[in-house]
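A.B. asks: Okay, so here is final.cif, and as you'll see once you scroll down, it has mmCIF, C-alpha atoms.
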data_coords
#
loop_
_atom_site.label_atom_id
_atom_site.label_comp_id
_atom_site.auth_asym_id
_atom_site.auth_seq_id
_atom_site.Cartn_x
_atom_site.Cartn_y
_atom_site.Cartn_z
CA MET A 1 -36.71 10.82 9.50
CA ALA A 2 -33.01 10.36 10.46
CA THR A 3 -31.97 11.13 14.03
CA ARG A 4 -28.58 11.87 15.48
CA THR A 5 -27.31 10.08 18.54
CA ILE A 6 -25.14 11.63 21.22
CA ASN A 7 -21.86 10.08 19.94
CA ASN A 8 -22.31 11.55 16.43
CA ASN A 9 -23.25 8.19 14.94
CA THR A 10 -26.00 8.69 12.43
CA ALA A 11 -28.82 6.27 13.07
CA GLY A 12 -32.13 6.18 11.38
CA GLU A 13 -34.78 4.23 9.65
CA GLY A 14 -33.59 3.29 6.19
CA LEU A 15 -34.74 0.94 3.50
CA PHE A 16 -33.44 -2.04 5.47
CA GLY A 17 -34.44 -0.93 8.97
CA THR A 18 -32.36 0.82 11.59
CA THR A 19 -28.84 1.57 10.36
CA LYS A 20 -25.64 2.97 11.80
CA GLN A 21 -22.79 4.75 10.08
CA CYS A 22 -19.05 4.71 10.59
CA GLU A 23 -18.17 7.90 12.42
CA PHE A 24 -15.14 8.51 10.19
CA CYS A 25 -16.13 7.58 6.61
CA HIS A 26 -19.93 7.43 7.12
CA ARG A 27 -20.20 4.00 5.51
CA ALA A 28 -23.40 2.16 6.41
CA LEU A 29 -22.99 -0.42 9.18
CA PRO A 30 -25.40 -3.14 10.28
CA ALA A 31 -27.62 -2.14 13.19
CA LYS A 32 -26.12 -4.85 15.43
CA TYR A 33 -22.52 -3.92 14.54
CA GLU A 34 -20.43 -3.35 17.66
CA GLY A 35 -18.16 -0.34 17.50
CA THR A 36 -18.30 3.02 15.81
CA LEU A 37 -15.75 2.46 13.03
CA CYS A 38 -16.01 0.20 9.98
CA PRO A 39 -13.29 -2.47 9.54
CA ASN A 40 -11.37 -0.34 6.98
CA CYS A 41 -11.28 2.68 9.28
CA MET A 42 -10.23 0.48 12.22
CA ASP A 43 -7.31 -0.82 10.11
CA ARG A 44 -6.32 2.75 9.17
CA GLN A 45 -6.48 3.84 12.80
CA LEU A 46 -4.37 0.85 13.90
CA PHE A 47 -1.78 1.58 11.22
CA HIS A 48 -1.62 5.23 12.31
CA GLU A 49 -1.09 4.19 15.95
CA VAL A 50 1.63 1.68 14.96
CA ARG A 51 3.43 4.29 12.85
CA GLU A 52 3.38 6.83 15.69
CA TYR A 53 4.58 4.19 18.18
CA ILE A 54 7.53 3.33 15.93
CA ARG A 55 8.40 7.01 15.54
CA ALA A 56 8.39 7.52 19.30
CA ASN A 57 10.23 4.34 20.32
CA VAL A 58 13.21 2.29 19.18
CA VAL A 59 11.53 -1.07 18.65
CA ASN A 60 11.66 -4.06 16.33
CA GLU A 61 8.78 -5.80 14.57
CA TYR A 62 8.36 -8.37 17.37
CA GLN A 63 7.91 -5.66 19.99
CA VAL A 64 5.39 -3.81 17.78
CA ALA A 65 3.34 -6.98 17.23
CA GLU A 66 3.37 -7.76 20.95
CA HIS A 67 2.53 -4.18 22.01
CA PHE A 68 -0.50 -3.92 19.70
CA ASN A 69 -1.47 -7.59 19.94
CA ILE A 70 -1.41 -8.02 16.15
CA PRO A 71 0.12 -10.79 14.04
CA LEU A 72 3.83 -10.41 13.29
CA LYS A 73 2.99 -11.11 9.64
CA GLN A 74 0.91 -7.91 9.52
CA VAL A 75 3.87 -5.81 10.69
CA LYS A 76 6.23 -7.53 8.24
CA ASP A 77 3.72 -6.99 5.40
CA TRP A 78 3.64 -3.25 6.19
CA ILE A 79 7.46 -3.19 6.09
CA HIS A 80 7.57 -5.16 2.83
CA GLU A 81 4.98 -2.84 1.26
CA GLY A 82 7.11 0.13 2.28
CA ARG A 83 4.37 1.61 4.48
CA ILE A 84 6.53 1.67 7.60
CA GLU A 85 10.25 1.91 8.09
CA TYR A 86 12.32 1.61 11.21
CA ARG A 87 14.82 4.23 12.24
CA ALA A 88 18.03 4.11 10.25
CA GLU A 89 20.22 4.56 13.35
CA ASP A 90 21.12 0.87 13.48
CA PRO A 91 19.08 -1.15 10.99
CA ALA A 92 20.86 -4.39 11.87
CA ALA A 93 19.68 -4.11 15.49
CA ASN A 94 16.08 -3.26 14.60
CA LEU A 95 15.26 -5.59 11.74
CA SER A 96 15.56 -9.29 11.37
CA ALA A 97 16.24 -10.77 7.95
CA MET A 98 15.39 -7.70 5.83
CA HIS A 99 17.58 -8.00 2.77
CA CYS A 100 17.30 -6.90 -0.85
CA GLN A 101 15.74 -9.66 -2.94
CA ASN A 102 18.17 -8.90 -5.76
CA CYS A 103 21.61 -8.35 -4.21
CA GLY A 104 21.15 -9.27 -0.53
CA ALA A 105 22.11 -5.87 0.89
CA PRO A 106 20.46 -4.94 4.21
CA ILE A 107 17.35 -2.76 3.79
CA THR A 108 15.00 -0.95 6.17
CA PHE A 109 11.77 -1.33 4.15
CA GLY A 110 10.39 -2.74 0.91
CA SER A 111 11.97 -5.62 -0.98
CA LEU A 112 14.76 -3.91 -2.98
CA CYS A 113 17.67 -1.71 -1.92
CA PRO A 114 17.78 1.81 -3.43
CA LYS A 115 20.48 0.80 -5.95
CA CYS A 116 18.54 -2.22 -7.27
CA LEU A 117 15.30 -0.25 -7.28
CA ARG A 118 16.94 2.46 -9.38
CA ASN A 119 18.34 -0.17 -11.78
CA ALA A 120 14.93 -1.84 -12.07
CA ASN A 121 13.30 1.49 -12.89
CA VAL A 122 15.93 2.24 -15.56
CA LYS A 123 15.31 -1.17 -17.14
CA LYS A 124 11.56 -0.46 -17.21
CA VAL A 125 12.13 2.86 -18.97
CA VAL A 126 14.44 1.29 -21.54
CA ALA A 127 12.02 -1.59 -22.13
CA ALA A 128 9.14 0.85 -22.60
CA GLN A 129 10.95 2.69 -25.40
CA PRO A 130 10.02 1.29 -28.81
CA GLN A 131 12.78 -0.44 -30.72
CA PHE A 132 12.90 0.41 -34.42
CA ASN A 133 14.50 -1.49 -37.25
CA ASP A 134 14.15 -1.44 -41.02
CA ASP A 135 11.03 -3.65 -40.96
CA THR A 136 9.10 -1.22 -38.78
CA LYS A 137 9.65 1.91 -40.87
CA MET A 138 6.61 3.63 -42.33
CA ARG A 139 6.31 3.23 -46.10
CA TYR A 140 3.90 4.18 -48.82
CA ILE A 141 1.99 1.62 -50.76
CA THR A 142 2.17 2.27 -54.45
CA HIS A 143 -0.37 0.78 -56.81
CA ASP A 144 0.73 -0.39 -60.19
CA LYS A 145 -1.78 1.14 -62.64
CA ASN A 146 -1.30 -1.73 -65.07
CA ASN A 147 -1.98 -4.43 -62.47
CA VAL A 148 -5.30 -3.34 -60.94
CA SER A 149 -7.47 -6.11 -59.53
#
As structure tokens, what does this structure read like?
C.D. replies:
Amino acid sequence: MATRTINNNTAGEGLFGTTKQCEFCHRALPAKYEGTLCPNCMDRQLFHEVREYIRANVVNEYQVAEHFNIPLKQVKDWIHEGRIEYRAEDPAANLSAMHCQNCGAPITFGSLCPKCLRNANVKKVVAAQPQFNDDTKMRYITHDKNNVS
């Protein structure tokens, strides 16, 4: 029933007519879909190319956006999420306006510097520990045999 095409795209007659599949994740694609990769796989491939480009070249976010013809916001989002990081050789020359949201120290990725991130994690651990006082102690309930209801 299913036939293979020359470019390894699986095409065949399915419940909804002729279908194609993404050549990477094999997700079903509409028959009229242009391209061989689904949108998610295209985004992953683009991110991989951007990461390799940054590793091979000393560039800033503007140059990356221009080279790949992608929105500058996308590159800045990847930096903010901590998915990419520029070389630490001279962060001030590579990044524009990347500062810790807590203390204002220059950073190369994410939104917090290592010191503030460590302090935030310590606060989370302390907050997660239960606080006990005299009211929260376990006690036994005793029934008065004379006062049974």
A.B. asks: Quick one: 6 Å padding each side, axis-aligned, all listed atoms of region 53-56 of chain A - centre and edge lengths in Å to one decimal, as JSON?
C.D. replies:
{"center_x": 6.5, "center_y": 5.4, "center_z": 17.4, "size_x": 15.8, "size_y": 16.2, "size_z": 15.8}
A.B. asks: From the set A:Phe47, A:Phe109, A:Phe24, A:Tyr33, which residue has the shortest atom-to-atom contact distance to His80 (chain A), counting only C-alpha atoms?
C.D. replies: A:Phe109
A.B. asks: At what distance in Å, to one decimal, does CA of Arg118 (chain A) lie from CA of Asn102 (chain A)?
C.D. replies: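 Taking CA of Asn102 (chain A) and CA of Arg118 (chain A), their separation equals 12.0 Å.
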A.B. asks: What's the separation between CA of Lys73 (chain A) and CA of Cys38 (chain A), in Å to one decimal place?
C.D. replies: 22.1 Å
A.B. asks: Provide the CA of Gln63 (chain A) to CA of Cys113 (chain A) distance in Å, to one decimal place.
C.D. replies: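 Those two atoms sit 24.3 Å apart.
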A.B. asks: Step by step: start from the point (-24.4, -3.1, 8.2) in the file's coordinates, keep every protein, DNA or RNA residue that has an atom no farther than 10 Å from it, count all atoms listed in the file, and write the set as a list in words.
C.D. replies: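 These residues have at least one counted atom within 10 Å: Phe16, Thr18, Thr19, Lys20, Gln21, Cys22, Arg27, Ala28, Leu29, Pro30, Ala31, Lys32, Tyr33 and Cys38 of chain A.
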A.B. asks: Convert the output of the PyMOL selection byres ((chain A and resi 49-55) around 8) on the shown file into explicit residues, formatted as a PyMOL selection string.
C.D. replies: chain A and resi 45-48+56-59+64+68+84+86-87
